[in-house]
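Everything below belongs to coords.cif, which stores mmCIF, C-alpha atoms.
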```cif
data_run
loop_
_atom_site.label_atom_id
_atom_site.label_comp_id
_atom_site.auth_asym_id
_atom_site.auth_seq_id
_atom_site.Cartn_x
_atom_site.Cartn_y
_atom_site.Cartn_z
CA TYR A 1 -27.68 12.81 -28.86
CA THR A 2 -26.18 9.59 -30.18
CA PRO A 3 -23.26 9.64 -32.64
CA ALA A 4 -25.64 8.56 -35.41
CA ARG A 5 -27.92 11.54 -34.73
CA VAL A 6 -24.96 13.94 -34.66
CA ARG A 7 -23.82 12.57 -38.02
CA ALA A 8 -27.31 13.19 -39.39
CA LEU A 9 -27.25 16.77 -38.08
CA ARG A 10 -23.80 17.27 -39.63
CA ALA A 11 -25.22 16.07 -42.95
CA GLY A 12 -28.01 18.63 -42.76
CA ASP A 13 -30.84 16.34 -41.78
CA ALA A 14 -33.48 17.15 -39.20
CA VAL A 15 -33.36 14.71 -36.32
CA THR A 16 -36.20 13.41 -34.15
CA VAL A 17 -35.45 11.99 -30.71
CA PRO A 18 -38.08 9.42 -29.66
CA PRO A 19 -40.32 10.33 -26.70
CA PHE A 20 -39.01 10.23 -23.13
CA GLY A 21 -40.42 11.26 -19.75
CA VAL A 22 -40.15 14.85 -18.51
CA ASP A 23 -41.08 16.08 -15.03
CA VAL A 24 -43.40 19.07 -15.49
CA GLY A 25 -44.72 19.22 -11.94
CA GLU A 26 -47.79 17.08 -12.62
CA ARG A 27 -48.85 13.84 -10.96
CA SER A 28 -46.54 11.87 -13.25
CA PRO A 29 -43.99 12.68 -16.00
CA ARG A 30 -45.23 13.73 -19.40
CA PRO A 31 -43.89 12.26 -22.65
CA ALA A 32 -41.79 14.63 -24.74
CA MET A 33 -39.81 14.31 -27.93
CA LEU A 34 -37.11 16.50 -29.48
CA VAL A 35 -36.85 17.76 -33.05
CA ALA A 36 -33.42 19.22 -33.92
CA VAL A 37 -31.66 20.93 -36.82
CA GLY A 38 -27.93 21.57 -37.09
CA VAL A 39 -26.17 24.95 -37.17
CA HIS A 40 -23.17 25.12 -39.52
CA ALA A 41 -20.36 27.69 -39.64
CA LEU A 42 -20.89 28.64 -43.29
CA GLY A 43 -24.66 28.43 -43.19
CA ASP A 44 -24.76 25.06 -44.92
CA THR A 45 -23.24 21.61 -44.64
CA SER A 46 -20.01 22.72 -46.33
CA GLY A 47 -19.01 24.27 -42.98
CA PRO A 48 -18.36 22.48 -39.70
CA LEU A 49 -21.23 21.73 -37.35
CA LEU A 50 -21.26 24.30 -34.55
CA GLY A 51 -24.20 22.86 -32.66
CA TRP A 52 -27.93 22.47 -33.08
CA PHE A 53 -31.27 23.92 -32.14
CA ASP A 54 -33.89 21.59 -30.78
CA VAL A 55 -37.53 22.01 -29.89
CA ARG A 56 -39.26 19.94 -27.25
CA VAL A 57 -42.69 18.70 -28.27
CA ASP A 58 -45.36 17.04 -26.17
CA PRO A 59 -46.69 14.45 -28.65
CA ALA A 60 -49.91 13.93 -26.69
CA ALA A 61 -50.70 17.66 -26.78
CA GLU A 62 -49.43 18.16 -30.33
CA TYR A 63 -51.77 15.50 -31.67
CA ALA A 64 -54.62 16.03 -29.20
CA GLY A 65 -57.08 16.66 -32.02
CA LEU A 66 -56.12 13.40 -33.69
CA PHE A 67 -56.52 11.45 -30.45
CA ALA A 68 -59.90 13.08 -29.76
CA ALA A 69 -61.08 12.20 -33.27
CA GLY A 70 -60.28 8.58 -32.51
CA HIS A 71 -62.84 8.43 -29.68
CA LEU A 72 -65.43 6.69 -31.85
CA GLY A 73 -68.42 5.44 -29.92
CA THR A 74 -67.63 4.23 -26.43
CA THR A 75 -64.58 2.09 -27.22
CA GLY A 76 -62.63 3.78 -30.02
CA GLU A 77 -59.25 5.41 -29.38
CA ILE A 78 -55.95 6.26 -31.04
CA LEU A 79 -52.80 5.36 -29.13
CA LEU A 80 -49.21 6.52 -29.49
CA PHE A 81 -46.41 4.18 -28.37
CA ASP A 82 -42.66 3.63 -28.58
CA SER A 83 -40.54 0.69 -29.73
CA ALA A 84 -40.99 -1.08 -26.37
CA GLY A 85 -44.78 -0.82 -26.63
CA THR A 86 -44.94 1.81 -23.87
CA LEU A 87 -48.00 4.03 -24.15
CA LEU A 88 -47.07 7.68 -24.86
CA SER A 89 -50.56 9.17 -25.03
CA ASP A 90 -53.45 9.18 -22.59
CA SER A 91 -55.90 6.29 -22.45
CA ARG A 92 -59.64 6.88 -22.33
CA PHE A 93 -59.86 3.88 -19.99
CA GLU A 94 -57.73 5.06 -17.07
CA GLU A 95 -60.45 4.27 -14.54
CA GLU A 96 -60.70 0.73 -15.89
CA LEU A 97 -56.91 0.39 -15.76
CA ARG A 98 -57.00 1.37 -12.09
CA ARG A 99 -59.73 -1.14 -11.36
CA THR A 100 -57.64 -3.90 -12.85
CA GLY A 101 -54.52 -2.79 -10.97
CA LEU A 102 -52.55 -1.89 -14.11
CA LEU A 103 -52.39 1.68 -12.78
CA GLN A 104 -52.16 2.85 -9.18
CA ARG A 105 -55.64 2.92 -7.69
CA ASP A 106 -55.06 6.28 -5.95
CA GLY A 107 -54.87 8.09 -9.30
CA ALA A 108 -51.27 9.20 -8.70
CA GLU A 109 -50.13 8.09 -12.15
CA ARG A 110 -51.56 8.41 -15.63
CA ALA A 111 -51.43 5.82 -18.36
CA ALA A 112 -48.87 7.65 -20.53
CA LEU A 113 -45.36 6.30 -19.81
CA ASN A 114 -46.76 3.87 -17.19
CA MET A 115 -48.61 1.40 -19.41
CA ARG A 116 -47.26 -1.23 -21.73
CA LEU A 117 -49.65 -2.16 -24.53
CA ALA A 118 -49.57 -5.88 -23.79
CA ASP A 119 -52.09 -8.68 -24.14
CA PRO A 120 -53.18 -10.02 -20.71
CA GLY A 121 -54.59 -13.18 -22.30
CA GLY A 122 -58.24 -12.51 -21.52
CA ASP A 123 -60.79 -9.87 -20.55
CA LEU A 124 -59.49 -8.29 -17.34
CA LEU A 125 -62.78 -6.45 -16.76
CA GLY A 126 -64.61 -9.73 -17.16
CA GLY A 127 -62.60 -11.31 -14.36
CA HIS A 128 -59.84 -13.05 -16.33
CA PRO A 129 -56.92 -13.89 -14.00
CA PRO A 130 -53.75 -12.98 -15.93
CA VAL A 131 -50.68 -15.17 -15.73
CA GLY A 132 -47.37 -13.57 -14.82
CA ALA A 133 -46.41 -9.92 -14.41
CA PRO A 134 -47.63 -7.32 -16.95
CA GLN A 135 -44.06 -6.68 -18.13
CA ASP A 136 -43.89 -10.32 -19.21
CA TRP A 137 -47.08 -10.31 -21.27
CA PRO A 138 -46.67 -10.27 -25.06
CA LEU A 139 -47.48 -7.07 -26.88
CA THR A 140 -50.91 -6.86 -28.46
CA THR A 141 -51.15 -8.06 -32.05
CA ALA A 142 -51.30 -4.52 -33.43
CA VAL A 143 -48.43 -3.12 -31.39
CA ALA A 144 -46.20 -6.15 -31.94
CA SER A 145 -46.67 -5.82 -35.68
CA ALA A 146 -45.98 -2.08 -35.59
CA VAL A 147 -42.76 -2.24 -33.56
CA ALA A 148 -41.54 -4.90 -36.00
CA GLY A 149 -41.76 -2.16 -38.63
CA ASP A 150 -45.03 -3.19 -40.24
CA SER A 151 -48.20 -1.22 -40.92
CA GLY A 152 -51.50 -3.04 -41.25
CA THR A 153 -55.05 -3.72 -40.16
CA ASN A 154 -56.91 -6.45 -38.34
CA VAL A 155 -60.67 -6.69 -38.78
CA ASP A 156 -61.00 -10.24 -37.48
CA GLY A 157 -60.33 -9.21 -33.90
CA TYR A 158 -57.50 -9.36 -31.37
CA ARG A 159 -57.17 -8.65 -27.65
CA ASN A 160 -56.31 -5.09 -26.64
CA TYR A 161 -54.42 -4.04 -23.49
CA LEU A 162 -57.52 -4.71 -21.39
CA GLY A 163 -57.89 -8.14 -22.94
CA ARG A 164 -61.05 -7.17 -24.80
CA MET A 165 -61.59 -8.01 -28.45
CA ALA A 166 -60.88 -5.11 -30.77
CA VAL A 167 -60.30 -4.31 -34.43
CA GLY A 168 -57.63 -1.86 -35.46
CA ALA A 169 -55.21 -0.30 -37.91
CA TRP A 170 -51.64 0.69 -37.11
CA ARG A 171 -48.56 2.33 -38.57
CA TRP A 172 -44.92 2.58 -37.53
CA TYR A 173 -42.88 5.77 -38.09
CA PRO A 174 -39.20 4.66 -38.08
CA ARG A 175 -37.69 8.13 -38.23
CA ALA A 176 -39.49 9.22 -35.07
CA GLY A 177 -39.33 5.80 -33.44
CA ILE A 178 -43.04 5.82 -32.61
CA GLY A 179 -46.18 4.04 -33.73
CA LEU A 180 -49.90 4.80 -33.89
CA VAL A 181 -52.78 2.38 -33.56
CA ALA A 182 -56.48 3.18 -33.99
CA GLU A 183 -58.69 0.66 -32.22
CA GLN A 184 -62.35 0.07 -31.54
CA GLY A 185 -64.12 -2.69 -29.67
CA HIS A 186 -64.98 -5.58 -31.99
CA ALA A 187 -68.64 -5.73 -30.99
CA GLU A 188 -69.13 -1.97 -31.31
CA ALA A 189 -67.32 -1.80 -34.65
CA TYR A 190 -69.62 -4.44 -36.12
CA ALA A 191 -72.82 -3.28 -34.37
CA PRO A 192 -74.14 -1.36 -37.44
CA LEU A 193 -73.63 -4.47 -39.58
CA LEU A 194 -75.47 -6.61 -37.03
CA LEU A 195 -78.34 -4.11 -36.96
CA LEU A 196 -78.49 -4.18 -40.74
CA ARG A 197 -78.56 -7.97 -40.75
CA ARG A 198 -81.36 -7.95 -38.16
CA ALA A 199 -83.32 -5.42 -40.19
CA PHE A 200 -83.00 -7.56 -43.31
CA GLY A 201 -84.02 -10.58 -41.23
CA VAL A 202 -87.17 -8.85 -40.06
CA LEU A 203 -87.90 -7.64 -43.59
CA LEU A 204 -87.50 -11.14 -45.05
CA THR A 205 -89.73 -12.53 -42.31
CA LEU A 206 -92.42 -9.97 -43.10
CA LEU A 207 -92.13 -10.69 -46.81
CA GLY A 208 -92.46 -14.39 -46.05
CA LEU A 209 -95.58 -13.79 -43.99
CA GLY A 210 -96.96 -11.56 -46.71
CA ALA A 211 -96.45 -14.30 -49.29
CA LEU A 212 -98.37 -16.72 -47.07
CA LEU A 213 -101.26 -14.29 -46.78
CA ILE A 214 -101.54 -13.65 -50.49
#
```
Encoded form (structure tokens):
Amino acid sequence: YTPARVRALRAGDAVTVPPFGVDVGERSPRPAMLVAVGVHALGDTSGPLLGWFDVRVDPAAEYAGLFAAGHLGTTGEILLFDSAGTLLSDSRFEEELRRTGLLQRDGAERAALNMRLADPGGDLLGGHPPVGAPQDWPLTTAVASAVAGDSGTNVDGYRNYLGRMAVGAWRWYPRAGIGLVAEQGHAEAYAPLLLLRRAFGVLLTLLGLGALLI
């Protein structure tokens, strides 16, 4: 606990420690975060701080329902990340990440804690040859905006961590030191609109033909 966090506990505030890796005997460490409250001699902040209780939370498990709800269509997902852009939740595209070499091909590591949400500059699954090492790539548009403290949306499209065009919305939580981004592939997100446009196109064509026949 940093001096700033101890001061917050002394003042009676609850403190959240941003996620870090914990070895739980699985194939790779799991992300965990701590939530702590202070214990004071007189039962409140008028007494000296004796210590604190903290609870370890697995953010991926705690918000599993939220992440599952983000699996819209075949490309939608919700991602949790820290201030460095490191992924703290599981990715639904781990097999694709292994194919591109961003994760070990033998399946010995999972995406959480081993993936940085960076823009490779092009579609890796489409054969784009990235320039430089992954740790040198810039963060994706959404994640870069979030870690700068901003919340927002992008419906025009930006490259995700696989280099594929996506739309998304994101939010940064400064107290916890984590961010969330909900993304979906650009083409899939706009597919219903394209279908509607095509339907109207067909309808207008039929109306035009009908007018010629009358």
Chain and number of each residue from the PyMOL selection byres ((chain A and resi 145) around 12), as a list of chain:residue names: A:Ser83, A:Ala84, A:Gly85, A:Pro138, A:Leu139, A:Thr140, A:Thr141, A:Ala142, A:Val143, A:Ala144, A:Ala146, A:Val147, A:Ala148, A:Gly149, A:Asp150, A:Ser151, A:Gly152, A:Thr153, A:Asn154, A:Gly168, A:Ala169, A:Trp170, A:Arg171, A:Trp172, A:Gly179, A:Leu180, A:Val181
Please provide as a PDB file with C-alpha atoms, in the coordinates of the input all residues within 7 Å of Val15 (chain A), with the sequence filter that same-chain residues fewer than 5 positions apart are discarded (counting only C-alpha atoms).
```pdb
ATOM      1  CA  ARG A   5     -27.920  11.540 -34.730  1.00  0.00           C
ATOM      2  CA  ALA A   8     -27.310  13.190 -39.390  1.00  0.00           C
ATOM      3  CA  LEU A   9     -27.250  16.770 -38.080  1.00  0.00           C
ATOM      4  CA  VAL A  35     -36.850  17.760 -33.050  1.00  0.00           C
ATOM      5  CA  ALA A  36     -33.420  19.220 -33.920  1.00  0.00           C
ATOM      6  CA  VAL A  37     -31.660  20.930 -36.820  1.00  0.00           C
TER       7      VAL A  37
END
```
Write out as a tab-separated table the residues of region 133-167 of chain A that have any atom within 7 Å of an atom of region 108-124 of chain A, one row each with the nearest atom pair and its distance in Å to one decimal, counting only C-alpha atoms, sorted by chain and then rising number.
```
residue	atom	partner	partner_atom	distance
A:Trp137	CA	A:Ala118	CA	5.7
A:Pro138	CA	A:Ala118	CA	5.4
A:Leu139	CA	A:Ala118	CA	3.9
A:Thr140	CA	A:Asp119	CA	4.8
A:Arg159	CA	A:Asp119	CA	6.2
A:Asn160	CA	A:Asp119	CA	6.1
A:Tyr161	CA	A:Ala118	CA	5.2
A:Leu162	CA	A:Leu124	CA	5.8
A:Gly163	CA	A:Asp123	CA	4.1
A:Arg164	CA	A:Asp123	CA	5.0
```
Explicit residue set for the PyMOL selection byres ((chain A and resi 31) around 8), as number ranges by chain: A: 19-22, 29-30, 32-33, 58-60, 88-89, 112-113
Given only C-alpha atoms as the counted atoms, nearest of A:His71, A:Pro18, A:Ala11, A:Tyr158 to Thr45 (chain A): A:Ala11
Distance query 6 Å from (-24.0, 28.3, -37.9) using only C-alpha atoms, result as an NGL selection string: :A and (39-41 or 43 or 50)
All residues 10 Å or closer to Val155 (chain A), only C-alpha atoms, same chain fewer than 5 positions away omitted, as JSON, numbers by chain: {"A": [166, 167, 168, 169, 186, 189, 190]}
Shortest interatomic distance to Ala176 (chain A) - which of A:Val131, A:Leu102, A:Asp44, A:Thr16, counting only C-alpha atoms: A:Thr16
Nearest-residue call for Ile78 (chain A), choices A:Pro48, A:Gly126, A:Glu183, A:Arg7, using only C-alpha atoms: A:Glu183
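Compared by their closest atoms to Glu62 (chain A), and using all atoms listed in the file, the residues A:Ala191, A:Leu80, A:Val6, A:Ala133 rank with A:Leu80 nearest.
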